[in-house]
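protein-v4.txt, holding compact mmCIF, C-alpha atoms:
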# COMPACT_ATOMS: atom_id res chain seq x y z
CA MET H 663 -39.04 2.77 -10.90
CA LYS H 664 -39.04 6.20 -9.27
CA ARG H 665 -36.41 5.07 -6.78
CA SER H 666 -34.14 3.67 -9.51
CA LEU H 667 -34.47 6.93 -11.45
CA SER H 668 -33.51 8.98 -8.41
CA PHE H 669 -30.58 6.66 -7.76
CA LYS H 670 -29.39 7.20 -11.33
CA LYS H 671 -29.83 10.93 -10.87
CA SER H 672 -27.81 10.91 -7.64
CA VAL H 673 -25.00 8.92 -9.23
CA ASN H 674 -24.94 11.31 -12.18
CA HIS H 675 -24.99 14.27 -9.84
CA PHE H 676 -22.13 12.84 -7.81
CA PHE H 677 -19.82 11.98 -10.71
CA PHE H 678 -20.90 14.23 -13.58
CA GLN H 679 -21.42 17.75 -12.26
CA LYS H 680 -19.88 20.61 -14.15
CA SER H 681 -16.75 21.78 -12.35
CA HIS H 682 -14.03 24.33 -12.74
CA PHE H 683 -10.63 23.11 -13.96
CA VAL H 684 -8.70 24.54 -10.99
CA ASP H 685 -9.29 21.68 -8.53
CA LEU H 686 -8.36 18.95 -10.99
CA GLU H 687 -5.30 20.74 -12.35
CA PHE H 688 -3.81 21.58 -8.97
CA SER H 689 -4.56 18.05 -7.74
CA ARG H 690 -2.79 16.64 -10.81
CA ILE H 691 0.30 18.77 -10.27
CA PHE H 692 0.68 17.90 -6.57
CA PHE H 693 -0.45 14.28 -6.82
CA TYR H 694 2.11 13.32 -9.46
CA PHE H 695 4.83 15.29 -7.76
CA LEU H 696 4.15 13.61 -4.39
CA VAL H 697 4.00 10.15 -5.98
CA PHE H 698 7.38 10.97 -7.54
CA LEU H 699 8.81 12.13 -4.19
CA THR H 700 7.50 9.16 -2.20
CA ASN H 701 8.90 6.67 -4.70
CA ILE H 702 12.21 8.24 -5.61
CA ASN H 703 14.09 6.13 -3.04
CA SER H 704 11.91 3.03 -3.18
CA GLN H 705 14.31 1.01 -5.37
CA HIS H 706 11.63 -1.30 -6.72
CA TYR H 707 14.26 -2.76 -9.08
CA LEU H 708 15.83 -4.64 -6.15
CA VAL H 709 13.37 -7.47 -6.76
CA SER H 710 15.73 -8.44 -9.58
CA GLU H 711 17.82 -10.13 -6.91
CA PHE H 712 15.05 -12.58 -6.09
CA SER H 713 15.66 -16.05 -7.40
CA SER H 714 13.37 -17.59 -10.01
CA SER H 715 12.35 -20.27 -7.50
CA PHE H 716 10.26 -17.59 -5.76
CA TRP H 717 8.51 -16.57 -8.98
CA THR H 718 4.73 -17.04 -8.57
CA PRO H 719 3.21 -14.71 -11.18
CA ARG H 720 -0.14 -13.03 -10.66
CA PRO H 721 -2.53 -13.11 -13.65
CA LEU H 722 -1.25 -9.79 -15.07
CA PHE H 723 2.32 -11.11 -15.10
CA GLN H 724 1.70 -14.61 -16.44
CA PHE H 725 3.22 -13.66 -19.80
CA MET H 726 6.56 -12.80 -18.21
CA SER H 727 9.49 -15.03 -17.41
CA TRP H 728 11.90 -14.50 -14.55
CA PRO H 729 14.63 -13.35 -13.95
CA LEU H 730 14.84 -10.02 -15.76
CA PRO H 731 18.15 -8.16 -16.04
CA THR H 732 18.62 -5.53 -13.30
CA ASN H 733 19.53 -2.89 -15.90
CA ILE H 734 16.18 -3.22 -17.66
CA LEU H 735 14.33 -2.88 -14.36
CA ILE H 736 16.35 0.20 -13.43
CA TYR H 737 15.56 1.82 -16.80
CA ILE H 738 11.86 1.01 -16.45
CA GLU H 739 11.75 2.51 -12.97
CA LEU H 740 13.61 5.63 -14.11
CA ALA H 741 11.23 5.99 -17.07
CA TRP H 742 8.29 5.71 -14.68
CA LEU H 743 9.70 8.38 -12.34
CA PHE H 744 10.38 10.60 -15.34
CA SER H 745 6.82 10.16 -16.62
CA LEU H 746 5.52 11.15 -13.16
CA LEU H 747 7.53 14.36 -13.32
CA LEU H 748 6.32 15.10 -16.85
CA SER H 749 2.72 14.52 -15.78
CA SER H 750 3.21 16.90 -12.87
CA ILE H 751 4.67 19.76 -14.90
CA GLY H 752 2.31 19.04 -17.77
CA LEU H 753 4.66 18.21 -20.61
CA PHE H 754 3.26 15.66 -23.08
CA THR H 755 0.65 15.34 -20.36
CA ARG H 756 -1.84 12.85 -21.85
CA GLY H 757 0.91 10.53 -23.02
CA SER H 758 2.97 10.77 -19.84
CA MET H 759 -0.09 10.10 -17.65
CA ILE H 760 -0.88 6.95 -19.65
CA VAL H 761 2.78 5.86 -19.51
CA SER H 762 2.96 6.51 -15.76
CA ALA H 763 -0.15 4.33 -15.22
CA LEU H 764 1.20 1.51 -17.40
CA LEU H 765 4.72 1.57 -15.98
CA GLY H 766 3.31 2.12 -12.47
CA THR H 767 1.32 -1.10 -12.83
CA PHE H 768 4.53 -2.90 -13.80
CA VAL H 769 6.71 -1.31 -11.11
CA PHE H 770 4.22 -1.79 -8.24
CA GLY H 771 3.08 -5.12 -9.57
CA LEU H 772 6.46 -6.76 -9.95
CA SER H 773 7.02 -7.24 -6.23
CA GLN H 774 3.61 -8.97 -5.94
CA ASN H 775 4.91 -12.01 -7.80
CA PHE H 776 7.12 -13.56 -5.16
CA GLY H 777 4.61 -15.02 -2.78
CA GLY H 778 3.69 -11.88 -0.89
CA LEU H 779 1.23 -9.07 -1.43
CA TYR H 780 1.81 -5.40 -0.78
CA ASN H 781 -1.57 -3.78 -1.06
CA ASP H 782 -0.39 -0.37 0.12
CA SER H 783 0.16 0.61 -3.53
CA MET H 784 -3.53 0.08 -4.30
CA ILE H 785 -4.83 3.66 -4.02
CA THR H 786 -1.88 5.27 -5.78
CA LEU H 787 -2.06 2.88 -8.70
CA LEU H 788 -5.83 3.14 -9.16
CA CYS H 789 -5.60 6.94 -9.00
CA LEU H 790 -2.86 6.87 -11.66
CA TRP H 791 -5.31 4.99 -13.91
CA VAL H 792 -8.12 7.43 -13.17
CA PHE H 793 -5.88 10.33 -14.21
CA ALA H 794 -4.65 8.45 -17.28
CA ILE H 795 -8.24 8.33 -18.53
CA SER H 796 -9.09 11.88 -17.44
CA LYS H 797 -8.52 15.03 -19.45
CA ALA H 798 -6.35 16.70 -16.85
CA GLY H 799 -3.48 18.83 -18.08
CA GLN H 800 -5.34 21.02 -20.56
CA TYR H 801 -5.07 24.26 -18.60
CA LEU H 802 -2.24 24.40 -16.11
CA SER H 803 0.47 22.68 -18.07
CA LEU H 804 3.60 23.40 -20.05
CA ASP H 805 1.79 21.89 -23.02
CA ARG H 806 -0.62 24.80 -23.04
CA TYR H 807 2.12 27.41 -22.75
CA LEU H 808 4.03 25.73 -25.56
CA GLY H 809 0.88 25.75 -27.69
CA ARG H 810 0.53 21.97 -27.85
CA VAL H 811 -3.15 22.06 -26.77
CA LYS H 812 -5.78 23.31 -29.24
CA GLU H 813 -7.46 26.42 -27.83
CA SER H 814 -10.75 25.27 -29.41
CA ILE H 815 -11.14 22.40 -26.91
CA PHE H 816 -10.97 24.64 -23.81
CA GLU H 817 -14.00 24.57 -21.56
CA THR H 818 -13.73 26.20 -18.17
CA LEU H 819 -16.67 24.29 -16.75
CA THR H 820 -17.21 20.65 -17.66
CA GLU H 821 -17.92 17.22 -16.17
CA GLU H 822 -14.44 16.15 -17.29
CA TYR H 823 -12.93 18.11 -14.39
CA HIS H 824 -15.27 16.60 -11.83
CA TRP H 825 -15.44 12.81 -12.14
CA PRO H 826 -11.68 12.10 -11.74
CA LEU H 827 -11.54 13.97 -8.44
CA LYS H 828 -14.71 12.35 -7.11
CA THR H 829 -13.46 8.90 -8.11
CA ALA H 830 -10.09 9.49 -6.46
CA GLN H 831 -11.83 10.70 -3.29
CA LEU H 832 -14.11 7.68 -3.31
CA LEU H 833 -11.15 5.31 -3.75
CA THR H 834 -9.29 6.97 -0.88
CA CYS H 835 -12.27 6.67 1.44
CA PHE H 836 -12.92 3.15 0.31
CA SER H 837 -9.37 2.18 1.16
CA PHE H 838 -9.62 3.59 4.69
CA PHE H 839 -13.05 2.08 5.19
CA SER H 840 -11.67 -1.31 4.11
CA ALA H 841 -8.96 -1.03 6.76
CA GLY H 842 -11.59 -0.29 9.43
CA TYR H 843 -13.87 -3.06 8.21
CA SER H 844 -10.97 -5.57 8.20
CA LYS H 845 -10.16 -4.56 11.78
CA LEU H 846 -13.76 -5.24 12.78
CA LEU H 847 -13.70 -8.64 11.06
CA ALA H 848 -10.32 -9.62 12.49
CA THR H 849 -10.58 -8.47 16.09
CA GLY H 850 -13.91 -6.75 16.50
CA PHE H 851 -14.04 -3.64 18.62
CA THR H 852 -11.16 -4.97 20.74
CA TRP H 853 -8.84 -3.38 18.16
CA SER H 854 -9.54 -0.03 19.75
CA MET H 855 -8.84 -1.23 23.28
CA PRO H 856 -5.87 0.16 25.28
CA HIS H 857 -2.40 -1.22 24.47
CA GLN H 858 -3.16 -1.73 20.81
CA PHE H 859 -0.51 0.78 19.74
CA ILE H 860 2.05 -0.74 22.08
CA PHE H 861 1.26 -4.11 20.47
CA ILE H 862 1.83 -2.63 17.01
CA LEU H 863 5.22 -1.19 18.04
CA ARG H 864 6.21 -4.48 19.65
CA LYS H 865 5.05 -6.45 16.63
CA ILE H 866 7.26 -4.31 14.38
CA ASP H 867 10.10 -4.88 16.79
CA VAL H 868 9.87 -8.68 16.86
CA SER H 869 8.95 -9.22 13.23
CA TYR H 870 11.25 -6.83 11.41
CA ALA H 871 14.13 -6.80 13.90
CA ARG H 872 13.63 -3.02 13.92
CA PRO H 873 13.58 -1.98 17.57
CA PHE H 874 11.40 1.04 18.13
CA TRP H 875 13.88 2.44 20.64
CA ASP H 876 16.07 3.29 17.63
CA ASN H 877 13.54 5.95 16.82
CA PRO H 878 13.38 8.80 19.43
CA SER H 879 9.82 9.74 18.49
CA SER H 880 8.72 6.13 19.11
CA ILE H 881 10.22 6.29 22.61
CA PHE H 882 8.12 9.39 23.22
CA LEU H 883 5.10 7.57 21.84
CA THR H 884 5.75 4.53 24.05
CA HIS H 885 5.77 6.75 27.14
CA ALA H 886 2.71 8.66 26.01
CA LEU H 887 0.84 5.44 25.33
CA LYS H 888 1.39 4.21 28.87
CA SER H 889 -1.79 6.10 29.59
CA ASN H 890 -4.62 3.63 29.05
CA PHE H 891 -7.02 6.47 28.42
CA LEU H 892 -4.95 8.01 25.62
CA ASN H 893 -4.25 4.61 24.11
CA GLY H 894 -7.90 3.60 24.05
CA PHE H 895 -9.01 7.03 22.91
CA LEU H 896 -6.65 6.98 19.93
CA GLY H 897 -7.76 3.44 19.07
CA HIS H 898 -11.41 4.47 19.04
CA VAL H 899 -10.75 7.64 17.03
CA ILE H 900 -8.84 5.70 14.37
CA LEU H 901 -11.30 2.83 14.12
CA TYR H 902 -14.39 5.05 13.89
CA SER H 903 -12.70 7.51 11.51
CA GLU H 904 -11.82 4.66 9.18
CA LEU H 905 -15.35 3.31 9.31
CA LEU H 906 -16.92 6.74 8.76
CA ALA H 907 -14.53 7.53 5.90
CA ILE H 908 -16.89 5.87 3.42
CA LEU H 909 -19.40 8.67 4.06
CA ALA H 910 -16.89 11.50 3.67
CA PRO H 911 -17.38 12.07 -0.09
CA PHE H 912 -21.13 12.46 0.47
CA VAL H 913 -21.52 14.19 3.84
CA ARG H 914 -19.66 17.48 4.32
CA PRO H 915 -19.50 17.59 8.18
CA ILE H 916 -18.04 14.06 8.23
CA ARG H 917 -15.55 15.04 5.54
CA LEU H 918 -14.40 18.08 7.51
CA VAL H 919 -13.69 15.98 10.60
CA VAL H 920 -12.62 12.58 9.29
CA ILE H 921 -10.21 13.54 6.49
CA PRO H 922 -7.92 15.69 8.70
CA ILE H 923 -7.92 12.91 11.32
CA LEU H 924 -6.92 10.33 8.72
CA PHE H 925 -4.21 12.61 7.39
CA PHE H 926 -2.88 13.16 10.90
CA MET H 927 -3.03 9.39 11.49
CA ILE H 928 -0.94 8.66 8.38
CA VAL H 929 1.63 11.35 9.22
CA SER H 930 1.90 10.05 12.82
CA ASN H 931 2.27 6.48 11.58
CA ILE H 932 5.19 7.57 9.45
CA HIS H 933 6.94 9.89 11.89
CA LEU H 934 6.06 8.53 15.31
CA MET H 935 5.73 4.81 14.68
CA GLY H 936 8.17 4.48 11.81
CA LEU H 937 5.67 2.67 9.58
CA ASP H 938 5.99 2.80 5.82
CA PHE H 939 2.76 4.66 5.02
CA ASN H 940 4.29 7.19 2.61
CA ARG H 941 2.18 5.97 -0.30
CA PHE H 942 -0.96 7.34 1.34
CA ILE H 943 0.26 10.93 1.46
CA PRO H 944 -0.35 11.90 -2.23
CA VAL H 945 -4.04 10.99 -2.19
CA PHE H 946 -4.83 13.70 0.32
CA VAL H 947 -4.31 16.39 -2.35
CA PHE H 948 -7.73 15.42 -3.76
CA TRP H 949 -9.35 16.82 -0.63
CA VAL H 950 -7.78 20.27 -0.71
CA PRO H 951 -10.28 22.94 -1.85
CA TRP H 952 -7.85 24.42 -4.38
CA SER H 953 -10.47 26.52 -6.16
CA LYS H 954 -11.50 28.32 -2.95
CA PHE H 955 -7.88 29.16 -2.25
CA VAL H 956 -7.18 30.23 -5.84
CA PHE H 957 -10.27 32.41 -6.21
CA ARG H 958 -9.80 34.03 -2.83
CA THR H 959 -6.16 34.91 -3.46
CA LYS H 960 -6.73 35.60 -7.17
CA VAL H 961 -3.63 33.60 -8.11
CA LEU H 962 -5.02 32.80 -11.58
CA MET V 1314 -18.78 15.54 -22.69
CA SER V 1315 -19.91 13.36 -25.54
CA LYS V 1316 -22.34 10.49 -24.98
CA LYS V 1317 -19.76 7.89 -26.06
CA ARG V 1318 -17.19 9.22 -23.62
CA ARG V 1319 -19.74 9.31 -20.82
CA ILE V 1320 -20.64 5.66 -21.44
CA PHE V 1321 -16.95 4.72 -21.50
CA ILE V 1322 -16.26 6.54 -18.21
CA SER V 1323 -19.36 5.05 -16.58
CA PHE V 1324 -18.19 1.58 -17.61
CA PHE V 1325 -14.70 2.30 -16.26
CA LEU V 1326 -16.08 3.55 -12.93
CA PHE V 1327 -18.47 0.63 -12.62
CA THR V 1328 -15.66 -1.90 -13.25
CA LEU V 1329 -13.25 -0.18 -10.87
CA LEU V 1330 -15.70 0.16 -8.02
CA SER V 1331 -17.23 -3.30 -8.40
CA PHE V 1332 -13.78 -4.94 -8.26
CA CYS V 1333 -12.99 -2.96 -5.10
CA VAL V 1334 -16.31 -3.83 -3.45
CA THR V 1335 -16.00 -7.52 -4.38
CA SER V 1336 -12.52 -7.77 -2.87
CA LEU V 1337 -13.76 -6.10 0.30
CA VAL V 1338 -16.94 -8.13 0.71
CA PHE V 1339 -15.24 -11.47 0.10
CA GLN V 1340 -11.99 -10.35 1.78
CA ILE V 1341 -9.90 -11.51 -1.17
CA ASP V 1342 -6.28 -10.68 -0.41
CA SER V 1343 -4.82 -11.81 -3.69
CA PHE V 1344 -7.00 -9.60 -5.91
CA TRP V 1345 -4.22 -7.11 -6.63
CA PRO V 1346 -4.48 -4.12 -7.10
CA PHE V 1347 -8.08 -4.05 -5.89
CA SER V 1348 -7.52 -5.80 -2.58
CA PRO V 1349 -7.65 -3.37 0.31
CA TYR V 1350 -4.66 -2.65 2.52
CA LYS V 1351 -5.56 -3.81 6.01
CA MET V 1352 -3.37 -1.40 7.98
CA TYR V 1353 -2.39 -3.58 10.92
CA SER V 1354 -5.84 -5.07 11.33
CA HIS V 1355 -4.56 -8.45 12.46
CA ILE V 1356 -2.55 -7.33 15.45
CA ARG V 1357 -3.62 -9.10 18.60
CA SER V 1358 -1.92 -9.73 21.91
CA GLY V 1359 -0.21 -12.78 20.45
CA VAL V 1360 1.72 -12.84 17.23
CA VAL V 1361 3.31 -15.61 15.19
CA ILE V 1362 6.59 -14.80 13.49
CA TYR V 1363 8.68 -16.95 11.21
CA GLU V 1364 12.33 -16.69 12.02
CA PHE V 1365 15.19 -17.85 9.89
CA ARG V 1366 18.47 -18.73 11.47
CA LEU V 1367 21.71 -19.79 9.89
CA ALA V 1368 23.72 -22.60 11.40
CA TYR V 1369 27.41 -23.33 10.87
CA LYS V 1370 29.38 -26.54 11.14
CA ALA V 1371 32.22 -24.96 13.08
CA LYS V 1372 30.03 -23.02 15.46
CA PRO V 1373 27.45 -24.36 17.86
CA PHE V 1374 25.20 -21.30 17.77
CA GLU V 1375 22.79 -19.89 15.23
CA THR V 1376 22.73 -16.47 13.58
CA PRO V 1377 19.39 -14.85 12.81
CA LEU V 1378 18.95 -14.03 9.13
CA ILE V 1379 17.90 -10.42 9.13
CA LYS V 1380 18.68 -9.11 5.67
CA ARG V 1381 15.29 -8.58 4.14
CA LYS V 1382 16.37 -9.12 0.57
CA TYR V 1383 17.36 -12.70 1.40
CA PHE V 1384 14.42 -13.85 3.40
CA GLY V 1385 11.69 -11.48 2.21
CA PRO V 1386 9.97 -13.76 -0.29
CA LEU V 1387 10.36 -16.80 1.89
CA ASP V 1388 8.88 -14.91 4.78
CA ASP V 1389 5.97 -13.94 2.57
CA TYR V 1390 5.27 -17.53 1.62
CA MET V 1391 5.09 -18.36 5.28
CA LYS V 1392 2.92 -15.41 6.12
CA PHE V 1393 0.37 -16.11 3.47
CA SER V 1394 0.27 -19.85 3.76
CA TYR V 1395 0.12 -20.01 7.53
CA ILE V 1396 -0.49 -16.71 9.30
CA ILE V 1397 -3.52 -15.68 7.32
CA TYR V 1398 -5.22 -19.04 7.15
CA GLU V 1399 -4.04 -20.67 10.34
CA GLN V 1400 -3.87 -17.69 12.59
CA ASP V 1401 -5.94 -19.25 15.32
CA ARG V 1402 -4.10 -22.55 15.32
CA PRO V 1403 -0.52 -21.54 14.76
CA PHE V 1404 1.00 -24.68 16.20
CA SER V 1405 -0.58 -27.19 13.91
CA PRO V 1406 1.92 -29.64 12.35
CA PRO V 1407 3.90 -28.08 9.47
CA ARG V 1408 3.04 -29.16 5.97
CA PHE V 1409 5.76 -29.93 3.49
CA ASN V 1410 5.76 -27.34 0.79
CA PRO V 1411 8.31 -28.10 -1.98
CA LYS V 1412 8.28 -24.52 -3.24
CA VAL V 1413 9.11 -23.14 0.19
CA TYR V 1414 11.81 -25.78 0.57
CA SER V 1415 13.51 -24.95 -2.74
CA SER V 1416 13.20 -21.23 -2.00
CA ALA V 1417 14.98 -21.78 1.31
CA VAL V 1418 17.85 -23.60 -0.44
CA GLU V 1419 18.12 -20.67 -2.86
CA THR V 1420 18.19 -18.27 0.08
CA LEU V 1421 21.01 -20.16 1.74
CA LEU V 1422 23.05 -20.32 -1.46
CA SER V 1423 22.45 -16.65 -2.12
CA TRP V 1424 23.51 -15.77 1.42
CA ASN V 1425 26.77 -17.70 1.10
CA LYS V 1426 27.48 -16.28 -2.34
CA ASN V 1427 27.34 -12.72 -1.03
CA LEU V 1428 29.63 -13.33 1.94
CA ALA V 1429 33.19 -12.09 2.11
CA GLN V 1430 35.74 -14.79 1.24
CA ASP V 1431 37.15 -15.25 4.72
CA PHE V 1432 33.71 -15.41 6.34
CA PRO V 1433 32.51 -18.90 7.34
CA LYS V 1434 29.85 -20.30 5.04
CA ALA V 1435 26.54 -21.34 6.53
CA THR V 1436 25.68 -24.99 6.15
CA GLN V 1437 22.12 -25.00 7.40
CA LEU V 1438 19.10 -22.78 7.33
CA ARG V 1439 16.57 -23.40 10.03
CA LEU V 1440 13.12 -22.03 9.94
CA TYR V 1441 11.26 -21.61 13.21
CA ARG V 1442 7.69 -20.72 13.89
CA VAL V 1443 7.80 -18.55 16.98
CA PHE V 1444 4.93 -17.31 19.06
CA TYR V 1445 5.36 -14.04 20.95
CA LYS V 1446 3.01 -12.70 23.57
CA LEU V 1447 3.00 -8.97 23.08
CA GLU V 1448 1.40 -8.13 26.41
CA LYS V 1449 4.30 -9.60 28.38
CA THR V 1450 6.93 -7.19 29.71
CA ASP V 1451 9.69 -9.37 28.25
CA TYR V 1452 7.75 -9.78 25.03
CA ARG V 1453 10.95 -10.39 23.05
CA THR V 1454 11.37 -13.79 24.69
CA PRO V 1455 9.37 -16.29 22.60
CA ASP V 1456 6.45 -17.93 24.31
CA LYS V 1457 6.60 -21.01 22.10
CA GLN V 1458 8.91 -22.12 19.35
CA GLN V 1459 8.70 -24.84 16.75
CA LEU V 1460 11.28 -25.96 14.18
CA LEU V 1461 9.58 -26.19 10.79
CA TYR V 1462 12.39 -26.87 8.36
CA GLU V 1463 16.06 -27.64 8.56
CA ILE V 1464 17.66 -27.21 5.18
CA ASN V 1465 21.11 -28.69 4.74
CA LEU V 1466 23.62 -27.91 2.07

As structure tokens:
Amino acid sequence: MKRSLSFKKSVNHFFFQKSHFVDLEFSRIFFYFLVFLTNINSQHYLVSEFSSSFWTPRPLFQFMSWPLPTNILIYIELAWLFSLLLSSIGLFTRGSMIVSALLGTFVFGLSQNFGGLYNDSMITLLCLWVFAISKAGQYLSLDRYLGRVKESIFETLTEEYHWPLKTAQLLTCFSFFSAGYSKLLATGFTWSMPHQFIFILRKIDVSYARPFWDNPSSIFLTHALKSNFLNGFLGHVILYSELLAILAPFVRPIRLVVIPILFFMIVSNIHLMGLDFNRFIPVFVFWVPWSKFVFRTKVL
Amino acid sequence: MSKKRRIFISFFLFTLLSFCVTSLVFQIDSFWPFSPYKMYSHIRSGVVIYEFRLAYKAKPFETPLIKRKYFGPLDDYMKFSYIIYEQDRPFSPPRFNPKVYSSAVETLLSWNKNLAQDFPKATQLRLYRVFYKLEKTDYRTPDKQQLLYEINL
């Protein structure tokens, strides 16, 4: 009984502490803007070219029939991108955040209905839903400057500014932990053995007909990874960082080490290995201590 | 925060996190959007790739089909029906899958439709299951190869 009470207390403490609005508002601005930037050239509407014989709808899309006109898909994608921008600058914020979550589900979900699954959109989409339910956008938004938000509802410190950030952080860590756990299940600790990165580059080469020697940074990486020590070291760092990520929201020292490593890993995957990991970039804004920066520099 | 809102948020968080944990524990790939992204977890020294090649009546050789928009979905069917579930026995006999077959015909028609007028039309689409050994120096040369489907127009 005592243990269950303390568990409840810990959960409440984790999700429902009173927090200042700064962290949530800055995270909202940068998160939506980065989601907009990373998707502006994605051309999700191209799925309209897929024939109806490929159509295998997932439960959420059972109500739909295929094909849909390309024009409609283009308009939906543009509306989604526009709602992301509005959510970032804070115009019609509540509405635009709900619209961006709804349309985001449609845009990301559409390509899941042709036999394949692209789970890289998972964190972004879930975070869009978390923000859609949150009360972000009350302080640092155009809505406030235009007088669209009632001054009577302002609270500088409330639980409403805490739980969305904690949930987004937890989802981010969960996603990285899942990747580490799947590696353990699939290959065990051999995933972190030397040559793993060379195998990844070669796999991309043979499966996507995208030779890594087209990319100068990959050539550099291939030479660098000839060192067994470096190769194995990087493999271990990535595997253990992913596994430890699940503790990052709870343990500060782990957070300070693991999150920068994961960020560096994602950036290197994009720029050195040419992998399409752009969708992971926006979720790192939830880890920036915006309030410390803001209070120290007295920006607000 | 009102009590009603707190209950609503708690319910939302509980649902969200339990879906994520369930998909992780049972490794359910098709539980979108809760299924985790595996980030190249399945890379081993050997890899099975499905290759599509076009064949022409007038020409004796084959052309690899590399435009993703044409073979993307077909490739995905292959990946999820074979690679995930038959990873350790990639050279088991192919099973006839009518959906894959009709998708391949669509792919071939779509390919021909988008060609320039004076370009020879493809008459066959062949699907190979190819096994590469990534640790070999000449890893681009297939280690094993098996013809799965030959779709004629």

Write out as an mmCIF file with C-alpha atoms, in the frame of the given file each polymer residue whose atoms come within 10 Å of region 707-713 of chain H, counting only C-alpha atoms; drop sequence neighbours fewer than 3 positions from it.
data_model
loop_
_atom_site.group_PDB
_atom_site.id
_atom_site.type_symbol
_atom_site.label_atom_id
_atom_site.label_comp_id
_atom_site.auth_asym_id
_atom_site.auth_seq_id
_atom_site.Cartn_x
_atom_site.Cartn_y
_atom_site.Cartn_z
ATOM 1 C CA SER H 704 11.910 3.030 -3.180
ATOM 2 C CA PHE H 716 10.260 -17.590 -5.760
ATOM 3 C CA TRP H 717 8.510 -16.570 -8.980
ATOM 4 C CA TRP H 728 11.900 -14.500 -14.550
ATOM 5 C CA PRO H 729 14.630 -13.350 -13.950
ATOM 6 C CA LEU H 730 14.840 -10.020 -15.760
ATOM 7 C CA PRO H 731 18.150 -8.160 -16.040
ATOM 8 C CA THR H 732 18.620 -5.530 -13.300
ATOM 9 C CA ASN H 733 19.530 -2.890 -15.900
ATOM 10 C CA ILE H 734 16.180 -3.220 -17.660
ATOM 11 C CA LEU H 735 14.330 -2.880 -14.360
ATOM 12 C CA ILE H 736 16.350 0.200 -13.430
ATOM 13 C CA TYR H 737 15.560 1.820 -16.800
ATOM 14 C CA ILE H 738 11.860 1.010 -16.450
ATOM 15 C CA GLU H 739 11.750 2.510 -12.970
ATOM 16 C CA LEU H 740 13.610 5.630 -14.110
ATOM 17 C CA VAL H 769 6.710 -1.310 -11.110
ATOM 18 C CA LEU H 772 6.460 -6.760 -9.950
ATOM 19 C CA SER H 773 7.020 -7.240 -6.230
ATOM 20 C CA GLN H 774 3.610 -8.970 -5.940
ATOM 21 C CA ASN H 775 4.910 -12.010 -7.800
ATOM 22 C CA PHE H 776 7.120 -13.560 -5.160
ATOM 23 C CA LYS V 1382 16.370 -9.120 0.570
ATOM 24 C CA TYR V 1383 17.360 -12.700 1.400
ATOM 25 C CA PHE V 1384 14.420 -13.850 3.400
ATOM 26 C CA GLY V 1385 11.690 -11.480 2.210
ATOM 27 C CA PRO V 1386 9.970 -13.760 -0.290
ATOM 28 C CA SER V 1416 13.200 -21.230 -2.000
ATOM 29 C CA GLU V 1419 18.120 -20.670 -2.860
ATOM 30 C CA THR V 1420 18.190 -18.270 0.080
ATOM 31 C CA SER V 1423 22.450 -16.650 -2.120
#

Taking every listed atom of region 702-718 of chain H and adding 5 Å to each side, what centre and edge lengths in Å (one decimal) does the axis-aligned box have, as lines of an AutoDock Vina configuration file?
center_x = 11.3
center_y = -6.0
center_z = -6.5
size_x = 23.1
size_y = 38.5
size_z = 17.0

Atomic distance CA of Leu1422 (chain V) - CA of Asp938 (chain H), expressed in Å with one decimal: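 Spanning CA of Leu1422 (chain V) to CA of Asp938 (chain H) is a straight-line distance of 29.6 Å.
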
Distance of CA of Gln800 (chain H) from CA of Lys812 (chain H), expressed in Å to one decimal place: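 The value is 9.0 Å.
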
Gap from CA of His706 (chain H) to CA of Ser844 (chain H) - Å, one decimal: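 Interatomic distance, CA of His706 (chain H) to CA of Ser844 (chain H): 27.4 Å.
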
Which residues, written as an mmCIF file with C-alpha atoms, in the coordinates of the input, have at least one atom at most 8 Å from Tyr1350 (chain V), with only C-alpha atoms counted and residues fewer than 3 positions away on the same chain left out?
data_model
loop_
_atom_site.group_PDB
_atom_site.id
_atom_site.type_symbol
_atom_site.label_atom_id
_atom_site.label_comp_id
_atom_site.auth_asym_id
_atom_site.auth_seq_id
_atom_site.Cartn_x
_atom_site.Cartn_y
_atom_site.Cartn_z
ATOM 1 C CA TYR H 780 1.810 -5.400 -0.780
ATOM 2 C CA ASN H 781 -1.570 -3.780 -1.060
ATOM 3 C CA ASP H 782 -0.390 -0.370 0.120
ATOM 4 C CA MET H 784 -3.530 0.080 -4.300
ATOM 5 C CA SER H 837 -9.370 2.180 1.160
ATOM 6 C CA SER H 840 -11.670 -1.310 4.110
ATOM 7 C CA ALA H 841 -8.960 -1.030 6.760
#

Residue contacts of Leu1326 (chain V) (9 Å, all atoms listed in the file) excluding same-chain residues fewer than 5 positions away, as a PyMOL selection string: (chain H and resi 792+829) or (chain V and resi 1321+1331)

Residue neighbourhood region 850-862 of chain H, 6 Å, all atoms listed in the file, exclusion window fewer than 3 positions, as a VMD selection string: (chain H and resid 846 to 847 865 890 893 to 894 897 to 898) or (chain V and resid 1447)

Nearest to Ile908 (chain H) by atom-to-atom distance, counting all atoms listed in the file, from V:Val1418, V:Leu1461, V:Leu1438, V:Val1334: V:Val1334
